[in-house]
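Q: I have a structure here, written as structure tokens, and I will follow up with some questions on it.
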Amino acid sequence: MKKLLTVLLPAAVLTGVVAPKIVGTQLESSIDEIITAANVNPAYTVEVKNMESSWFSTRATLLVSMDVNAVSGVSDAPEVDPFSVEVDFSASHGPFRFGEHAGFGWLGWTVQVAGEQLREHLDWAEQTPFYQAHGNMNVLGGYHYNDSFPSFTADIEEHKTQLTFSGFQGKGQYQNEQLTYLGGVDSFSATSELMDAKVERLTMDMKISSSLEEIFEGAFYDSDTTINFSAIKFNNKAQNENIDIADLYIKVITELNQEKQQGNMQLAYGTKKVDIDEFHGEDLALEFEITNISQAFLKSYLDFTNTLNQLSAEEAGAKAMEFMGANLLSLVAGEPQVNITSLRGTFPQGSFNSNLHTSLVGISALPDQLLDPAFWLSHALVDGKLSGDKAVIEFIAVHAMKAQLQNNPQTQGMSEEQLAQIAAQQVPTILASLEQQGLLVATDKGYSTSISLKDSELKVNEKPMPLPF
């Protein structure tokens with residue numbers, strides 16, 4: 001036993017003394033890598049104002065600046081002053097940590113943004129940073145962290161508006177190339193003489209299965225993210241309009257086929273219920289997917305877009321054509337697809353559902369003229385269908401017609417009631433005409449239509465339709 005202790009104790013002491021310096025050196029290297037990666041994007045600039053690293057701890061102040069003008073993409077957009085914020089970073093090196101991050105583990109760290117310049121507009125608890133995050137790296141290399149924004153209020157006098165924010169709390173972990181994060185806000189509200197708005201229970205649930213290097217590269221990796229708003233309520237006092245939305249969600253799923261080096265993405269936007277004055281809808285959703293996207297093409301494209309911000313529109317257009325000529329084949333040869341898997345809704349008048357599947361197939365070489373429509377049509381596959389109850393199709397058609405009439409110079413000055421009446425009168429005739437032409441199929445209960453494109457032949461309800469090319 002004594003011999004064992006004489007071996008273990010010096011080893012433990014050596015680890016406790018030498019390891020913190022190794023951790024500190026690796027930490028400095030990681031900070032440099034993060035700054036280098038961030039500065040690739042012209043919209044952001046990250047620089048180290050000061051850094052002090054000792055054997056057992058590291059402290060740094062970073063200046064993070066954002067230039068909105070660099071990424072606006074609008075030539076005549078108003079200039080917005082660059083925004084800068086100081087980020088304070090502190091860390092303790094393990095395995096035996098003391099002081100602010102006392103505990104057992106390789107690294108304990110804190111990030112804080114004091115945000116004192118925001119106190120001119122926002123009111124929150126004194127001696128509390130506007131943003132803070134705490135993290136811990138255990139001896140097995142796993143990370144646990146949490147972050148938060150405080151509750152605050154604001155009184156915007158020029159707009160006579162009061163804001164109330166309940167605060168944000170989030171927590172997550174990264175272990176064995178599995179990153180999870182869950183964050184939420186209880187409520188946010190804005191009140192003024194003209195309107196009242198409130199968001200209740202915003203949550204974000206994210207899961208990523210990938211290495212940190214792949215995540216920072218910004219290309220495809222396996223992930224599943226859901227953002228949910230329990231309720232959104234809006235009251236326009238001036239127009240006496242009320243909007244009430246329940247269970248609004250955004251869902252994004254990405255995956256990478258390692259063997260083919262192709263990525264897929266599924267996106268869904270939807271809500272359980274919407275009430276806008278007399279309008280009522282349920283299970284409103286748009287779901288679509290993008291599949292078979294070349295990982296190599298996406299990485300090249302992301303790198304390419306970072307070079308465009310300093311070019312004029314004409315130069316950017318020329319560079320884009322040059323890039324596509326050199327890289328587009330790697331994308332289209334993989335037979336990419338863009339599909340609307342479901343566009344649906346339920347109303348008091350009935351329900352409707354639709355889908356559209358599109359893909360490019362059989363391309364082994366690009367045409368001499370990249371914008372040759374005949375070439376792309378010959379390799380395009382399209383298959384789609386729309387179906388719905390008669391009353392709901394007529395309801396949607398009336399609203400679409402009403403929107404067209406509002407933009408028609410001949411109907412300017414007409415009231416909402418007059419426009420609605422004209423639309424209601426014209427829609428039955430239009431639908432009957434479409435049915436006679438074979439563009440719409442009517443049954444006792446509803447309407448449907450299908451569309452297909454293959455070998456440059458377009459069909460609507462199996463009826464060939466001429467193409468302009």
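Residue numbering restarts at 1 for every chain of the structure tokens, chains are lettered A, B, ... in their displayed order, and ligands are numbered from 1 as they appear.
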Just the strand (DSSP E) stuff from segment 251-371 of chain A, please, per backbone DSSP, written as an NGL selection string.

A: :A and (251-257 or 262-276 or 279-294 or 337-347 or 350-360)

Q: Name the residues in contact with segment 426-443 of chain A at a cut-off of 8 Å, using only C-alpha atoms, excluding same-chain residues fewer than 5 positions from it; report them as an MDAnalysis selection string.

A: chainID A and resid 394 397:398 401 448:449 460:461 463

Q: Do you know which residues are at most 6 Å from Trp106 of chain A counting only C-alpha atoms, after dropping those on the same chain fewer than 2 positions away, and could you put them as a ChimeraX atom specification?

A: /A:93-95,137-139

Q: Go ahead and save the picked residues with C-alpha atoms, as a tab-separated table (two decimals), in the first residue's frame.

A:
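The new file result.tsv reads:
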chain	number	residue	atom	x	y	z
A	93	HIS	CA	-7.83	25.55	-15.52
A	94	GLY	CA	-8.19	22.11	-13.94
A	95	PRO	CA	-8.27	19.39	-12.99
A	137	MET	CA	-15.65	20.82	-19.08
A	138	ASN	CA	-15.36	17.62	-17.06
A	139	VAL	CA	-12.37	15.29	-17.02

Q: Considering only C-alpha atoms, return as a PyMOL selection string whatever protein or nucleic-acid residues lie within 9 Å of His159 of chain A, sequence-local ones (same chain, fewer than 3 positions apart) excluded.

A: chain A and resi 155-156+162+192-193

Q: Which parts of segment 142-289 of chain A does DSSP call helix (DSSP H, G or I) when run on the backbone here, written out as a PyMOL selection string?

A: chain A and resi 157-159+212-217

Q: Let me see the file: selected residues, C-alpha atoms, as an mmCIF file, in the first residue's frame.

A:
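Saved file result_10.cif follows:
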data_model
loop_
_atom_site.group_PDB
_atom_site.id
_atom_site.type_symbol
_atom_site.label_atom_id
_atom_site.label_comp_id
_atom_site.auth_asym_id
_atom_site.auth_seq_id
_atom_site.Cartn_x
_atom_site.Cartn_y
_atom_site.Cartn_z
ATOM 1 C CA GLU A 157 -41.202 57.761 -25.359
ATOM 2 C CA GLU A 158 -41.111 58.775 -29.023
ATOM 3 C CA HIS A 159 -43.426 55.874 -29.880
ATOM 4 C CA LEU A 212 -17.629 21.042 -33.146
ATOM 5 C CA GLU A 213 -15.440 21.446 -36.236
ATOM 6 C CA GLU A 214 -18.297 20.385 -38.554
ATOM 7 C CA ILE A 215 -20.736 22.665 -36.734
ATOM 8 C CA PHE A 216 -18.494 25.723 -37.150
ATOM 9 C CA GLU A 217 -17.930 24.938 -40.830
#

Q: What gap, in Å, lies between atom CA of Glu335 of chain A and atom CA of Asn257 of chain A?

A: 14.2 Å

Q: Which residues, written as number ranges by chain, have at least one atom at most 9 Å from His280 of chain A, with only C-alpha atoms counted and residues fewer than 3 positions away on the same chain left out?

A: A: 273-277, 346-348

Q: So that I can check the surroundings of Met204 of chain A, please list as a count of residues only every protein, DNA and RNA residue that reaches within 9 Å of it, counting only C-alpha atoms and ignoring chain neighbours fewer than 3 positions away.

A: 9

Q: I want to know what sits within 10 Å of Pro367 of chain A, based on only C-alpha atoms, with residues of the same chain fewer than 6 positions away left out; could you give that as a VMD selection string?

A: chain A and resid 325 374 to 376

Q: Export, as a PDB file, in the first residue's frame, the selected residues with N, CA and C atoms.

A:
ATOM      1  N   GLY A 325     -20.365  28.051 -63.100  1.00  0.00           N
ATOM      2  CA  GLY A 325     -19.755  27.297 -64.180  1.00  0.00           C
ATOM      3  C   GLY A 325     -18.732  26.293 -63.678  1.00  0.00           C
ATOM      4  N   ALA A 374     -34.312  25.041 -72.112  1.00  0.00           N
ATOM      5  CA  ALA A 374     -34.644  23.754 -72.727  1.00  0.00           C
ATOM      6  C   ALA A 374     -33.828  22.621 -72.100  1.00  0.00           C
ATOM      7  N   PHE A 375     -32.576  22.896 -71.783  1.00  0.00           N
ATOM      8  CA  PHE A 375     -31.727  21.873 -71.165  1.00  0.00           C
ATOM      9  C   PHE A 375     -32.270  21.483 -69.801  1.00  0.00           C
ATOM     10  N   TRP A 376     -32.581  22.478 -68.968  1.00  0.00           N
ATOM     11  CA  TRP A 376     -33.032  22.175 -67.610  1.00  0.00           C
ATOM     12  C   TRP A 376     -34.397  21.506 -67.618  1.00  0.00           C
TER      13      TRP A 376
END

Q: Would you please work out which residue, of A:Glu314, A:Glu255, A:Glu278, A:Asp123, is nearest to Asn292 of chain A when using only C-alpha atoms?

A: A:Glu255

Q: Could you tell me how far atom CA of Met324 of chain A lies from atom CA of Lys260 of chain A, in Å and to one decimal?

A: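 A separation of 21.2 Å between them.
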
Q: When distances are computed from only C-alpha atoms, which of A:Leu419, A:Ala60, A:Ile363, A:Ala102 shows the smallest separation from Leu331 of chain A?

A: A:Ile363
